[in-house]
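Down below is the structure, laid out as structure tokens.
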Amino acid sequence: LGYVKNLISLGTGCVAGATAATAYRCYERNEQLHAGSYVQKAGDYYQVLGHAWDFSRRDFCVVFRPLRHVDAKTDSHEAHVLATSDILQFGSSYEKVSYADLDTAAKASALPGPFWKDPEWALPAETSPVAPGDGTSSGLGSRSHQERPTKRSLS
């Protein structure tokens, strides 16, 4: 009969531990959602995933995702779940909003970040414009993660 008490204690401890872990994961996910980057344009909401190097443009662009279903639109775009935009055009066309500003449907579609991981990365997550004439470390593009891009001394 003593082993029954031990099993009940063990079971109660497991349930309490699992409940605490689940509650913490929910709290952590909620914090990540609130820390995300969101924008709106014409009443539609989008989640900004970050800046990415675009090999075809040879410059950085913004990667974002609509927080709704998007079908193809004649003379505008194909159906998509991710999109990119020129950073300057994006900044002037989209208005930054907080998670609290999103409607219920957009909140349900938001994903907790971050969306990349590199333990050796020591630079800012977003890029900044490089002053005209300064150039970037690679000699390509108009933006850099570096505040002061590396000067190339060899050609």
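FYI, nothing fancy with the structure tokens labels: chains A, B, ... in order, residues from 1 per chain, ligands from 1 as they appear.
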- Message: When you look at segment 67-75 of chain A with a cut-off of 7 Å (counting only C-alpha atoms), what residues show up, excluding the ones that are within fewer than 2 positions of it in the same chain? I need them as an MDAnalysis selection string.
- Response: chainID A and resid 45:47 65 77:80 106 109:110
Serialized selection, C-alpha atoms, as a CSV table (one decimal), in the first residue's frame:
```csv
chain,number,residue,atom,x,y,z
A,45,TYR,CA,-1.1,43.2,-41.9
A,46,TYR,CA,2.3,41.7,-42.5
A,47,GLN,CA,5.1,40.2,-40.3
A,65,ARG,CA,4.9,37.5,-44.9
A,77,HIS,CA,1.5,39.5,-58.0
A,78,GLU,CA,1.2,35.7,-57.9
A,79,ALA,CA,-0.3,33.8,-54.9
A,80,HIS,CA,2.4,33.7,-52.2
A,106,ALA,CA,-3.6,38.5,-38.2
A,109,SER,CA,-1.3,33.9,-38.3
A,110,ALA,CA,1.7,35.6,-36.6
```
May I have the residues within 7 Å of Ala52 of chain A as a PDB file with N, CA, C and O atoms, in the first residue's frame, using only C-alpha atoms and disregarding those fewer than 3 positions away in the same chain?
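Wrote it out as out-v1.pdb, contents follow:
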```pdb
ATOM      1  N   PHE A  60      20.527  44.239 -50.322  1.00  0.00           N
ATOM      2  CA  PHE A  60      19.615  43.696 -49.325  1.00  0.00           C
ATOM      3  C   PHE A  60      18.177  44.048 -49.654  1.00  0.00           C
ATOM      4  O   PHE A  60      17.903  45.058 -50.313  1.00  0.00           O
ATOM      5  N   CYS A  61      17.263  43.210 -49.201  1.00  0.00           N
ATOM      6  CA  CYS A  61      15.839  43.465 -49.336  1.00  0.00           C
ATOM      7  C   CYS A  61      15.148  43.062 -48.031  1.00  0.00           C
ATOM      8  O   CYS A  61      15.751  42.420 -47.174  1.00  0.00           O
ATOM      9  N   VAL A  62      13.897  43.452 -47.880  1.00  0.00           N
ATOM     10  CA  VAL A  62      13.093  43.079 -46.712  1.00  0.00           C
ATOM     11  C   VAL A  62      12.341  41.800 -47.062  1.00  0.00           C
ATOM     12  O   VAL A  62      11.764  41.692 -48.145  1.00  0.00           O
ATOM     13  N   VAL A  63      12.352  40.833 -46.152  1.00  0.00           N
ATOM     14  CA  VAL A  63      11.557  39.616 -46.308  1.00  0.00           C
ATOM     15  C   VAL A  63      10.390  39.730 -45.328  1.00  0.00           C
ATOM     16  O   VAL A  63      10.593  40.009 -44.151  1.00  0.00           O
TER      17      VAL A  63
END
```
Picked from chain A by DSSP as strand (DSSP E), as a CSV table (one decimal) with N, CA and C atoms, in the first residue's frame:
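Okay, this is what ended up in result.csv:
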```csv
chain,number,residue,atom,x,y,z
A,37,SER,N,8.2,42.0,-35.4
A,37,SER,CA,8.1,43.3,-36.2
A,37,SER,C,6.9,43.1,-37.2
A,38,TYR,N,6.0,44.1,-37.1
A,38,TYR,CA,4.7,44.0,-37.9
A,38,TYR,C,4.5,45.4,-38.6
A,39,VAL,N,3.9,45.3,-39.8
A,39,VAL,CA,3.6,46.5,-40.5
A,39,VAL,C,2.2,46.3,-41.1
A,40,GLN,N,1.6,47.4,-41.6
A,40,GLN,CA,0.3,47.4,-42.3
A,40,GLN,C,0.3,48.3,-43.5
A,41,LYS,N,-0.4,47.9,-44.5
A,41,LYS,CA,-0.6,48.7,-45.7
A,41,LYS,C,-2.0,48.5,-46.2
A,44,ASP,N,-4.2,45.8,-44.5
A,44,ASP,CA,-3.6,44.4,-44.4
A,44,ASP,C,-2.4,44.4,-43.6
A,45,TYR,N,-2.2,43.3,-42.8
A,45,TYR,CA,-1.1,43.2,-41.9
A,45,TYR,C,0.0,42.3,-42.4
A,46,TYR,N,1.2,42.5,-42.1
A,46,TYR,CA,2.3,41.7,-42.5
A,46,TYR,C,3.3,41.6,-41.4
A,47,GLN,N,4.1,40.5,-41.3
A,47,GLN,CA,5.1,40.2,-40.3
A,47,GLN,C,6.4,40.3,-41.0
A,48,VAL,N,7.3,41.2,-40.5
A,48,VAL,CA,8.6,41.3,-41.1
A,48,VAL,C,9.6,40.3,-40.5
A,49,LEU,N,10.2,39.5,-41.4
A,49,LEU,CA,11.0,38.4,-41.0
A,49,LEU,C,12.5,38.8,-40.9
A,50,GLY,N,12.9,39.8,-41.6
A,50,GLY,CA,14.2,40.3,-41.6
A,50,GLY,C,14.7,40.9,-42.9
A,51,HIS,N,16.0,41.2,-42.9
A,51,HIS,CA,16.7,41.6,-44.1
A,51,HIS,C,17.5,40.5,-44.7
A,52,ALA,N,17.4,40.3,-46.0
A,52,ALA,CA,18.1,39.2,-46.7
A,52,ALA,C,18.9,39.7,-47.9
A,53,TRP,N,20.0,39.1,-48.2
A,53,TRP,CA,20.8,39.4,-49.3
A,53,TRP,C,20.1,38.8,-50.6
A,54,ASP,N,19.8,39.7,-51.5
A,54,ASP,CA,19.2,39.3,-52.8
A,54,ASP,C,20.2,39.2,-53.8
A,59,ASP,N,21.9,43.4,-53.6
A,59,ASP,CA,21.7,44.3,-52.5
A,59,ASP,C,20.7,43.6,-51.5
A,60,PHE,N,20.5,44.2,-50.3
A,60,PHE,CA,19.6,43.7,-49.3
A,60,PHE,C,18.2,44.0,-49.7
A,61,CYS,N,17.3,43.2,-49.2
A,61,CYS,CA,15.8,43.5,-49.3
A,61,CYS,C,15.1,43.1,-48.0
A,62,VAL,N,13.9,43.5,-47.9
A,62,VAL,CA,13.1,43.1,-46.7
A,62,VAL,C,12.3,41.8,-47.1
A,63,VAL,N,12.4,40.8,-46.2
A,63,VAL,CA,11.6,39.6,-46.3
A,63,VAL,C,10.4,39.7,-45.3
A,64,PHE,N,9.2,39.5,-45.8
A,64,PHE,CA,8.0,39.7,-45.0
A,64,PHE,C,7.0,38.7,-45.4
A,65,ARG,N,6.0,38.5,-44.6
A,65,ARG,CA,4.9,37.5,-44.9
A,65,ARG,C,3.5,38.1,-44.6
A,66,PRO,N,2.6,38.0,-45.5
A,66,PRO,CA,1.2,38.5,-45.2
A,66,PRO,C,0.6,37.7,-44.1
A,83,ALA,N,7.2,37.3,-49.2
A,83,ALA,CA,7.4,38.3,-50.2
A,83,ALA,C,8.7,39.1,-49.9
A,84,THR,N,9.3,39.7,-50.8
A,84,THR,CA,10.4,40.6,-50.6
A,84,THR,C,10.1,42.0,-51.2
A,85,SER,N,10.8,43.0,-50.7
A,85,SER,CA,10.7,44.3,-51.2
A,85,SER,C,12.0,45.1,-51.1
A,86,ASP,N,12.2,46.0,-51.9
A,86,ASP,CA,13.3,47.0,-51.8
A,86,ASP,C,13.1,47.7,-50.4
A,95,GLU,N,3.4,50.9,-42.9
A,95,GLU,CA,3.4,51.6,-41.6
A,95,GLU,C,3.7,50.6,-40.5
A,96,LYS,N,4.7,50.9,-39.6
A,96,LYS,CA,5.0,50.0,-38.5
A,96,LYS,C,3.9,50.0,-37.5
A,97,VAL,N,3.5,48.8,-37.0
A,97,VAL,CA,2.4,48.7,-36.0
A,97,VAL,C,2.9,47.6,-34.9
A,128,SER,N,21.8,48.7,-42.4
A,128,SER,CA,21.7,50.2,-42.4
A,128,SER,C,22.2,50.7,-43.7
A,129,PRO,N,21.8,51.8,-44.2
A,129,PRO,CA,22.3,52.4,-45.5
A,129,PRO,C,23.8,52.7,-45.3
A,143,ARG,N,23.6,48.7,-48.6
A,143,ARG,CA,23.4,48.6,-47.2
A,143,ARG,C,24.3,47.5,-46.6
A,144,SER,N,24.5,47.6,-45.3
A,144,SER,CA,25.4,46.6,-44.6
A,144,SER,C,24.9,46.4,-43.2
```
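For the residues A:Ser142, A:Thr150, A:Gly113, A:Pro132, ranking by smallest atom-to-atom distance to Arg29 of chain A using only C-alpha atoms places A:Gly113 first.
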- Task: From the DSSP assignment of the backbone, select every residue of segment 18-128 of chain A that is helix (DSSP H, G or I), and format the answer as a PyMOL selection string.
- Result: chain A and resi 18-35+87-93+99-101+104-109
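Checking A:Ala35, A:Val4, A:Lys107, A:Leu88 one by one against Thr127 of chain A, counting only C-alpha atoms, you find the shortest gap at A:Leu88.
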- Query: Mind pulling up the distance from atom CA of Gly133 of chain A to atom CA of Glu147 of chain A?
  - Reply: 14.6 Å
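You will find atom CA of Ser76 of chain A at 26.0 Å from atom CA of Gly141 of chain A.
If you look at atom CA of His34 of chain A and atom CA of Phe115 of chain A, they are 14.5 Å away from each other.
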- Message: So that I can see what lies close to Gln146 of chain A, please list as a count of residues only the residues with an atom at most 10 Å from it, counting only C-alpha atoms and leaving out residues fewer than 5 positions away in the same chain.
- Response: 11
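Residue nearest Ile87 of chain A within the list A:Arg57, A:Ala131, A:Ala16, A:Glu120: A:Arg57 [criterion: smallest interatomic distance, only C-alpha atoms].
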